[in-house]
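A.B. asks: The following block contains the structure, expressed as structure tokens.
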Amino acid sequence: MSSTSVSVVVPRRPGDSLSLAELERYLETTGLTFEVLVPEGEELGPALRRGVSDAKGQVIVIADPTLPYPVSAIGAAVAMIEAGTTDVLFGSTETDYVAPRFLRWLLVPALPDRTIQLAAFTNVAAKIVVGESRLLDGGCELELAYLANKYGFRVEHLVVHARGRARSFGALGGLAPAMKIRIANRRHAYRAARRCPVCFSSQVWTCAQIPGNVVRACRRCKCRYLNQFADDEGTHPVRRVLRAHSASALPSYESHSAPARERTSQRRFHWLRRQLPSRARVLEVGVRDGSFGALAAHDYEYVGIDPASAAARHARTRGLEVYCASLSSFVNVGPAFEAITLFHIFENMADPHDALGRIKDLVKPGGVLFLSTFDTEGLIYLFSERKRMTQNFRTHLILYSRSALIELLEHSGFEIIDIGPDFEYRDHRFLRHWTASHHPIAAPFVRALLTMLPDPMIVSTGSIRIVARRRSGSPLNVRPIRSVEPTHAR
């Protein structure tokens, strides 16, 4: 297997001393295929862009010509990039480095340490981030960090023990380049970021970094979505052979008690019955434990689909007609459905426009879509977003705002009938555990209060429920925008 190729770019200005011999000796001991590029110039920005454009390595490192830090720091930076831990890495002399508050407010939260010049990139990240930079000298590192956030690259810091070095930009000196960066972005001097998969806006930025991924946010529609995800919905085969299983275990993702799930399903069934006449044909996308289907099958012609084979098998043990299939691969052999339900399933679909187009094909004109999902504009989500960011995206791909869902449904050929908060039931055991882990001070009071309340009890989870009816005419077609520029991340 070939070794990793590394390009070390050492921008040199007139009068800078070079310490390349020690660097080359160290790189020879690592077994890496390396090249050292020394672009010269009066200003740092053009020298960096010239050096990165000539670099051919899989990992590109930007180092200080005086090497005020151990050369092993370059090896550590290469190791982090090579391991896939991050796409962009900045050196820092502090363990928990935090840039000045007003610079983080003007630009992005993750900024480089102004006392050290050490950065590492994947080849793709370097070509895009450095290639799109515009500044000539002071504050180039700020521009690189801003562009890394704009284009959805993961940014991390590496603690380096360095000797004293003059600051590339001071706390107040960084104000001028920060304003230049914001003005350049306002005037569209930088290439637009990948569009939002919901509203196709390019006004997106990285709002959080979670293990193994980056969460992007859209300023226009207020949605949150993962930067990288695989759309493998269509890879699951349609299984229509009903097999006998003596013991079917409950799907592992069900964290709430059976009574709580049953009560939630009853509430959703009553909601459905108010909108739909009896004996209608109903399709449930994502059957989970089959509790809703068991209720709906008594009054309606019920069909369920779920890409998880364990969930589909468990629902079949309750006598339901359930197929192991995704929405895109499901083939309807009967008449069109009068209603389709998606309870916290729409967030798991990689392409909402294609999903709604498929739903429109399955439901008859005048048919109803029942949808429940998180609301990123709700107070509960806004107050708990930072604490629950990783949990929210453990299984979800896109989190929608109320306004984005309304616009998305109307553009896809549906008209909104009803919209409101979605309440669910939670058992006392879950509430005690949640309170103890998130608010330990209030845990004794909550335990005492729960003894006086019913178990399970109804709570608000920050979700909304939407009822939409399919229009008979053709939808407003916004999908051709995708032919101009792909919406999904790299």
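Here's how to read the names in the structure tokens: chain A, B, ... by the order shown, residue numbers from 1 in each chain, ligand numbers from 1 in the order shown.
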Identify, on the basis of only C-alpha atoms, every residue whose closest approach to A:Cys207 does not exceed 10 Å; exclude the query and any residue fewer than 4 positions from it along the same chain; express the result as a list in words.

C.D. replies: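 Surrounding residues, per the criterion: Val108, Pro109, Asn149, Gly152, Val214, Val215, Arg216, Ala217, Cys218, Arg224, Tyr225, Arg386 and Met389 of chain A.
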
A.B. asks: Restricted to N, CA, C and O atoms, what would the selected residues look like written as a PDB file, in the first residue's frame?

C.D. replies:
```pdb
ATOM      1  N   VAL A 108     -17.107  33.268  12.420  1.00  0.00           N
ATOM      2  CA  VAL A 108     -17.571  31.922  12.766  1.00  0.00           C
ATOM      3  C   VAL A 108     -17.020  31.557  14.142  1.00  0.00           C
ATOM      4  O   VAL A 108     -16.045  32.151  14.613  1.00  0.00           O
ATOM      5  N   PRO A 109     -17.601  30.574  14.829  1.00  0.00           N
ATOM      6  CA  PRO A 109     -17.125  30.226  16.176  1.00  0.00           C
ATOM      7  C   PRO A 109     -15.705  29.673  16.210  1.00  0.00           C
ATOM      8  O   PRO A 109     -14.947  29.977  17.130  1.00  0.00           O
ATOM      9  N   ASN A 149     -15.822  27.089   7.248  1.00  0.00           N
ATOM     10  CA  ASN A 149     -17.187  26.980   7.773  1.00  0.00           C
ATOM     11  C   ASN A 149     -18.214  27.139   6.656  1.00  0.00           C
ATOM     12  O   ASN A 149     -19.205  26.409   6.601  1.00  0.00           O
ATOM     13  N   GLY A 152     -18.584  23.929   4.621  1.00  0.00           N
ATOM     14  CA  GLY A 152     -18.980  22.730   5.338  1.00  0.00           C
ATOM     15  C   GLY A 152     -17.854  21.787   5.696  1.00  0.00           C
ATOM     16  O   GLY A 152     -18.092  20.585   5.855  1.00  0.00           O
ATOM     17  N   VAL A 214     -20.987  17.043  10.398  1.00  0.00           N
ATOM     18  CA  VAL A 214     -21.142  18.479  10.591  1.00  0.00           C
ATOM     19  C   VAL A 214     -22.607  18.824  10.356  1.00  0.00           C
ATOM     20  O   VAL A 214     -23.224  18.320   9.412  1.00  0.00           O
ATOM     21  N   VAL A 215     -23.165  19.671  11.206  1.00  0.00           N
ATOM     22  CA  VAL A 215     -24.556  20.093  11.079  1.00  0.00           C
ATOM     23  C   VAL A 215     -24.586  21.459  10.410  1.00  0.00           C
ATOM     24  O   VAL A 215     -23.940  22.403  10.875  1.00  0.00           O
ATOM     25  N   ARG A 216     -25.323  21.551   9.316  1.00  0.00           N
ATOM     26  CA  ARG A 216     -25.458  22.796   8.576  1.00  0.00           C
ATOM     27  C   ARG A 216     -26.805  23.442   8.883  1.00  0.00           C
ATOM     28  O   ARG A 216     -27.785  22.753   9.187  1.00  0.00           O
ATOM     29  N   ALA A 217     -26.848  24.741   8.798  1.00  0.00           N
ATOM     30  CA  ALA A 217     -28.074  25.496   9.061  1.00  0.00           C
ATOM     31  C   ALA A 217     -28.329  26.447   7.909  1.00  0.00           C
ATOM     32  O   ALA A 217     -27.391  27.002   7.328  1.00  0.00           O
ATOM     33  N   CYS A 218     -29.594  26.614   7.577  1.00  0.00           N
ATOM     34  CA  CYS A 218     -29.989  27.504   6.487  1.00  0.00           C
ATOM     35  C   CYS A 218     -30.606  28.770   7.082  1.00  0.00           C
ATOM     36  O   CYS A 218     -31.530  28.689   7.898  1.00  0.00           O
ATOM     37  N   ARG A 224     -32.128  22.546   9.764  1.00  0.00           N
ATOM     38  CA  ARG A 224     -30.819  22.001  10.122  1.00  0.00           C
ATOM     39  C   ARG A 224     -30.677  20.652   9.420  1.00  0.00           C
ATOM     40  O   ARG A 224     -31.620  19.867   9.389  1.00  0.00           O
ATOM     41  N   TYR A 225     -29.496  20.373   8.891  1.00  0.00           N
ATOM     42  CA  TYR A 225     -29.310  19.105   8.192  1.00  0.00           C
ATOM     43  C   TYR A 225     -27.847  18.682   8.275  1.00  0.00           C
ATOM     44  O   TYR A 225     -26.951  19.510   8.469  1.00  0.00           O
ATOM     45  N   ARG A 386     -28.495  23.166  21.561  1.00  0.00           N
ATOM     46  CA  ARG A 386     -27.072  22.906  21.781  1.00  0.00           C
ATOM     47  C   ARG A 386     -26.853  21.628  22.578  1.00  0.00           C
ATOM     48  O   ARG A 386     -25.946  20.840  22.286  1.00  0.00           O
ATOM     49  N   MET A 389     -27.982  18.438  20.296  1.00  0.00           N
ATOM     50  CA  MET A 389     -27.635  18.421  18.882  1.00  0.00           C
ATOM     51  C   MET A 389     -27.236  17.021  18.426  1.00  0.00           C
ATOM     52  O   MET A 389     -27.706  16.523  17.391  1.00  0.00           O
TER      53      MET A 389
END
```

A.B. asks: Mind checking which residues fall within 12 Å of A:Thr395, counting only C-alpha atoms, ignoring those fewer than 6 positions away in the same chain, and posting them as a PyMOL selection string?

C.D. replies: chain A and resi 225-226+229+253+344-350+389

A.B. asks: Give me a file of those residues, with C-alpha atoms, as a compact mmCIF listing (two decimals), in the first residue's frame.

C.D. replies:
```
# COMPACT_ATOMS: atom_id res chain seq x y z
CA TYR A 225 -29.31 19.10 8.19
CA LEU A 226 -26.27 16.85 8.14
CA PHE A 229 -25.23 11.43 4.50
CA TYR A 253 -34.75 2.06 18.95
CA HIS A 344 -41.29 11.39 12.77
CA ILE A 345 -40.16 9.65 9.59
CA PHE A 346 -39.89 12.60 7.22
CA GLU A 347 -36.74 13.78 9.06
CA ASN A 348 -34.97 10.54 8.05
CA MET A 349 -35.44 11.03 4.28
CA ALA A 350 -32.45 12.37 2.40
CA MET A 389 -27.64 18.42 18.88
```

A.B. asks: Find the spatial neighbours of A:Cys140, counting only C-alpha atoms, within a cut-off of 12 Å - ignore same-chain residues fewer than 4 positions away - and output them as number ranges by chain.

C.D. replies: A: 43-49, 111-112, 114, 117, 119, 129-136, 144-147, 168-169, 174, 176-178, 180-181

A.B. asks: Near stretch 97-103 of chain A, counting only C-alpha atoms, which residues have an atom at most 7 Å away, once you skip same-chain residues fewer than 4 positions from it, shown as a PyMOL selection string?

C.D. replies: chain A and resi 92+107+111+171+175

A.B. asks: Could you tell me how far atom CA of A:Gly138 lies from atom CA of A:Glu22, in Å and to one decimal?

C.D. replies: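 Between these atoms lies a distance of 27.6 Å.
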
A.B. asks: Quick one: DSSP strand (DSSP E) residues in stretch 62-202 of chain A, as a PyMOL selection string?

C.D. replies: chain A and resi 62-63+88-92+118-122+155-159

A.B. asks: Can you tell me which residues surround stretch 271-282 of chain A at a distance of at most 7 Å, considering only C-alpha atoms, apart from same-chain residues fewer than 6 positions away, and format the answer as a tab-separated table (two decimals) with N, CA, C and O atoms, in the first residue's frame?

C.D. replies:
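The resulting selection_30.tsv:
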```tsv
chain	number	residue	atom	x	y	z
A	299	ASP	N	-60.56	-0.02	11.45
A	299	ASP	CA	-61.49	0.88	10.77
A	299	ASP	C	-61.10	1.17	9.33
A	299	ASP	O	-61.92	1.68	8.57
A	300	TYR	N	-59.86	0.88	8.95
A	300	TYR	CA	-59.38	1.25	7.62
A	300	TYR	C	-58.70	0.06	6.95
A	300	TYR	O	-58.34	-0.93	7.59
A	301	GLU	N	-58.50	0.20	5.65
A	301	GLU	CA	-57.71	-0.77	4.90
A	301	GLU	C	-56.24	-0.34	5.03
A	301	GLU	O	-55.76	0.54	4.31
A	302	TYR	N	-55.54	-0.97	5.95
A	302	TYR	CA	-54.23	-0.49	6.40
A	302	TYR	C	-53.12	-1.23	5.66
A	302	TYR	O	-53.16	-2.46	5.50
A	303	VAL	N	-52.09	-0.48	5.25
A	303	VAL	CA	-50.85	-1.02	4.69
A	303	VAL	C	-49.70	-0.25	5.31
A	303	VAL	O	-49.77	0.98	5.45
A	337	PHE	N	-54.06	5.47	-2.34
A	337	PHE	CA	-54.40	5.61	-0.93
A	337	PHE	C	-55.17	6.91	-0.70
A	337	PHE	O	-54.91	7.93	-1.34
A	338	GLU	N	-56.09	6.84	0.26
A	338	GLU	CA	-56.80	8.05	0.68
A	338	GLU	C	-56.01	8.85	1.70
A	338	GLU	O	-56.24	10.05	1.86
A	339	ALA	N	-55.08	8.21	2.38
A	339	ALA	CA	-54.29	8.91	3.41
A	339	ALA	C	-52.93	8.23	3.54
A	339	ALA	O	-52.82	7.01	3.39
A	340	ILE	N	-51.92	9.03	3.83
A	340	ILE	CA	-50.56	8.55	4.11
A	340	ILE	C	-50.09	9.22	5.39
A	340	ILE	O	-50.25	10.45	5.55
```

A.B. asks: Env of A:Glu410: 10 Å cut, atoms = only C-alpha atoms, seq-sep filter 4 positions within chain, self excluded. Answer as a PDB file with all heavy atoms, in the first residue's frame.

C.D. replies:
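Once written, part-v4.pdb looks like this:
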```
ATOM      1  N   ALA A 404     -40.733  26.258   6.733  1.00  0.00           N
ATOM      2  CA  ALA A 404     -40.148  25.496   5.632  1.00  0.00           C
ATOM      3  C   ALA A 404     -41.061  24.354   5.204  1.00  0.00           C
ATOM      4  O   ALA A 404     -41.207  24.075   4.004  1.00  0.00           O
ATOM      5  CB  ALA A 404     -38.779  24.957   6.028  1.00  0.00           C
ATOM      6  N   LEU A 405     -41.699  23.679   6.166  1.00  0.00           N
ATOM      7  CA  LEU A 405     -42.603  22.593   5.829  1.00  0.00           C
ATOM      8  C   LEU A 405     -43.828  23.096   5.068  1.00  0.00           C
ATOM      9  O   LEU A 405     -44.287  22.460   4.108  1.00  0.00           O
ATOM     10  CB  LEU A 405     -43.042  21.870   7.100  1.00  0.00           C
ATOM     11  CG  LEU A 405     -42.078  20.822   7.651  1.00  0.00           C
ATOM     12  CD1 LEU A 405     -42.564  20.318   8.995  1.00  0.00           C
ATOM     13  CD2 LEU A 405     -41.921  19.670   6.678  1.00  0.00           C
ATOM     14  N   ILE A 406     -44.368  24.224   5.501  1.00  0.00           N
ATOM     15  CA  ILE A 406     -45.531  24.782   4.804  1.00  0.00           C
ATOM     16  C   ILE A 406     -45.172  25.119   3.359  1.00  0.00           C
ATOM     17  O   ILE A 406     -45.887  24.763   2.416  1.00  0.00           O
ATOM     18  CB  ILE A 406     -46.050  26.022   5.554  1.00  0.00           C
ATOM     19  CG1 ILE A 406     -46.605  25.620   6.926  1.00  0.00           C
ATOM     20  CG2 ILE A 406     -47.114  26.747   4.734  1.00  0.00           C
ATOM     21  CD1 ILE A 406     -47.011  26.796   7.784  1.00  0.00           C
ATOM     22  N   PHE A 414     -49.564  20.218  -2.352  1.00  0.00           N
ATOM     23  CA  PHE A 414     -50.476  19.991  -1.223  1.00  0.00           C
ATOM     24  C   PHE A 414     -50.959  21.338  -0.695  1.00  0.00           C
ATOM     25  O   PHE A 414     -50.278  22.362  -0.836  1.00  0.00           O
ATOM     26  CB  PHE A 414     -49.763  19.225  -0.096  1.00  0.00           C
ATOM     27  CG  PHE A 414     -49.402  17.810  -0.442  1.00  0.00           C
ATOM     28  CD1 PHE A 414     -48.207  17.518  -1.082  1.00  0.00           C
ATOM     29  CD2 PHE A 414     -50.262  16.766  -0.138  1.00  0.00           C
ATOM     30  CE1 PHE A 414     -47.869  16.212  -1.410  1.00  0.00           C
ATOM     31  CE2 PHE A 414     -49.933  15.456  -0.456  1.00  0.00           C
ATOM     32  CZ  PHE A 414     -48.737  15.182  -1.099  1.00  0.00           C
ATOM     33  N   GLU A 415     -52.133  21.318  -0.069  1.00  0.00           N
ATOM     34  CA  GLU A 415     -52.642  22.499   0.620  1.00  0.00           C
ATOM     35  C   GLU A 415     -52.828  22.168   2.094  1.00  0.00           C
ATOM     36  O   GLU A 415     -53.295  21.081   2.448  1.00  0.00           O
ATOM     37  CB  GLU A 415     -53.965  22.964   0.003  1.00  0.00           C
ATOM     38  CG  GLU A 415     -55.086  21.942  -0.005  1.00  0.00           C
ATOM     39  CD  GLU A 415     -56.351  22.501  -0.612  1.00  0.00           C
ATOM     40  OE1 GLU A 415     -56.407  23.739  -0.775  1.00  0.00           O
ATOM     41  OE2 GLU A 415     -57.266  21.717  -0.901  1.00  0.00           O
ATOM     42  N   ILE A 416     -52.444  23.089   2.957  1.00  0.00           N
ATOM     43  CA  ILE A 416     -52.469  22.863   4.396  1.00  0.00           C
ATOM     44  C   ILE A 416     -53.903  22.942   4.898  1.00  0.00           C
ATOM     45  O   ILE A 416     -54.622  23.920   4.643  1.00  0.00           O
ATOM     46  CB  ILE A 416     -51.582  23.883   5.125  1.00  0.00           C
ATOM     47  CG1 ILE A 416     -50.172  23.877   4.544  1.00  0.00           C
ATOM     48  CG2 ILE A 416     -51.554  23.579   6.612  1.00  0.00           C
ATOM     49  CD1 ILE A 416     -49.461  22.558   4.648  1.00  0.00           C
ATOM     50  N   ALA A 468     -52.279  17.882   5.406  1.00  0.00           N
ATOM     51  CA  ALA A 468     -52.260  18.523   4.097  1.00  0.00           C
ATOM     52  C   ALA A 468     -53.036  17.663   3.104  1.00  0.00           C
ATOM     53  O   ALA A 468     -52.978  16.432   3.155  1.00  0.00           O
ATOM     54  CB  ALA A 468     -50.836  18.734   3.616  1.00  0.00           C
ATOM     55  N   ARG A 469     -53.761  18.311   2.204  1.00  0.00           N
ATOM     56  CA  ARG A 469     -54.535  17.609   1.189  1.00  0.00           C
ATOM     57  C   ARG A 469     -53.892  17.806  -0.180  1.00  0.00           C
ATOM     58  O   ARG A 469     -53.461  18.902  -0.521  1.00  0.00           O
ATOM     59  CB  ARG A 469     -55.974  18.118   1.164  1.00  0.00           C
ATOM     60  CG  ARG A 469     -56.840  17.449   0.087  1.00  0.00           C
ATOM     61  CD  ARG A 469     -58.256  17.969   0.068  1.00  0.00           C
ATOM     62  NE  ARG A 469     -59.008  17.521   1.235  1.00  0.00           N
ATOM     63  CZ  ARG A 469     -59.444  18.293   2.204  1.00  0.00           C
ATOM     64  NH1 ARG A 469     -59.205  19.592   2.150  1.00  0.00           N
ATOM     65  NH2 ARG A 469     -60.117  17.823   3.219  1.00  0.00           N
ATOM     66  N   ARG A 470     -53.846  16.712  -0.921  1.00  0.00           N
ATOM     67  CA  ARG A 470     -53.273  16.794  -2.262  1.00  0.00           C
ATOM     68  C   ARG A 470     -54.192  17.552  -3.197  1.00  0.00           C
ATOM     69  O   ARG A 470     -55.381  17.263  -3.302  1.00  0.00           O
ATOM     70  CB  ARG A 470     -53.026  15.389  -2.821  1.00  0.00           C
ATOM     71  CG  ARG A 470     -52.417  15.445  -4.221  1.00  0.00           C
ATOM     72  CD  ARG A 470     -52.466  14.131  -4.947  1.00  0.00           C
ATOM     73  NE  ARG A 470     -52.274  14.339  -6.374  1.00  0.00           N
ATOM     74  CZ  ARG A 470     -52.283  13.384  -7.276  1.00  0.00           C
ATOM     75  NH1 ARG A 470     -52.504  12.135  -6.901  1.00  0.00           N
ATOM     76  NH2 ARG A 470     -52.099  13.664  -8.548  1.00  0.00           N
ATOM     77  N   ARG A 471     -53.633  18.531  -3.890  1.00  0.00           N
ATOM     78  CA  ARG A 471     -54.390  19.267  -4.887  1.00  0.00           C
ATOM     79  C   ARG A 471     -54.511  18.462  -6.169  1.00  0.00           C
ATOM     80  O   ARG A 471     -53.665  17.621  -6.478  1.00  0.00           O
ATOM     81  CB  ARG A 471     -53.716  20.615  -5.184  1.00  0.00           C
ATOM     82  CG  ARG A 471     -53.768  21.620  -4.055  1.00  0.00           C
ATOM     83  CD  ARG A 471     -53.409  22.999  -4.555  1.00  0.00           C
ATOM     84  NE  ARG A 471     -52.042  23.028  -5.054  1.00  0.00           N
ATOM     85  CZ  ARG A 471     -50.998  23.469  -4.363  1.00  0.00           C
ATOM     86  NH1 ARG A 471     -51.181  23.918  -3.141  1.00  0.00           N
ATOM     87  NH2 ARG A 471     -49.793  23.466  -4.884  1.00  0.00           N
ATOM     88  N   PRO A 475     -48.248  20.551  -9.336  1.00  0.00           N
ATOM     89  CA  PRO A 475     -47.583  21.342  -8.304  1.00  0.00           C
ATOM     90  C   PRO A 475     -46.703  22.420  -8.904  1.00  0.00           C
ATOM     91  O   PRO A 475     -46.364  22.391 -10.084  1.00  0.00           O
ATOM     92  CB  PRO A 475     -46.739  20.291  -7.569  1.00  0.00           C
ATOM     93  CG  PRO A 475     -46.424  19.280  -8.623  1.00  0.00           C
ATOM     94  CD  PRO A 475     -47.661  19.223  -9.495  1.00  0.00           C
ATOM     95  N   LEU A 476     -46.364  23.385  -8.059  1.00  0.00           N
ATOM     96  CA  LEU A 476     -45.397  24.390  -8.472  1.00  0.00           C
ATOM     97  C   LEU A 476     -44.041  23.713  -8.552  1.00  0.00           C
ATOM     98  O   LEU A 476     -43.540  23.178  -7.579  1.00  0.00           O
ATOM     99  CB  LEU A 476     -45.359  25.541  -7.450  1.00  0.00           C
ATOM    100  CG  LEU A 476     -46.668  26.299  -7.273  1.00  0.00           C
ATOM    101  CD1 LEU A 476     -46.519  27.329  -6.159  1.00  0.00           C
ATOM    102  CD2 LEU A 476     -47.079  26.978  -8.563  1.00  0.00           C
TER     103      LEU A 476
END
```

A.B. asks: How many Å separate atom CA of A:Thr122 from atom CA of A:Gln58?

C.D. replies: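 Pair atom CA of A:Thr122 / atom CA of A:Gln58 returns 6.2 Å.
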
A.B. asks: As a ChimeraX atom specification, please: every residue in stretch 36-264 of chain A that a backbone DSSP assignment puts in alpha helix (DSSP H).

C.D. replies: /A:44-54,72-82,101-106,123-132,140-150,175-186,258-264

A.B. asks: For A:Asp422, list every protein, DNA or RNA residue within 7 Å, evaluated using only C-alpha atoms, and leave out those in the same chain fewer than 2 positions away; present the list as an MDAnalysis selection string.

C.D. replies: chainID A and resid 372 420 424 460 463:465

A.B. asks: Just checking: using only C-alpha atoms, which residue out of A:Glu407, A:Ile380, A:Cys196, A:Arg402 ends up closest to A:Val459?

C.D. replies: A:Ile380
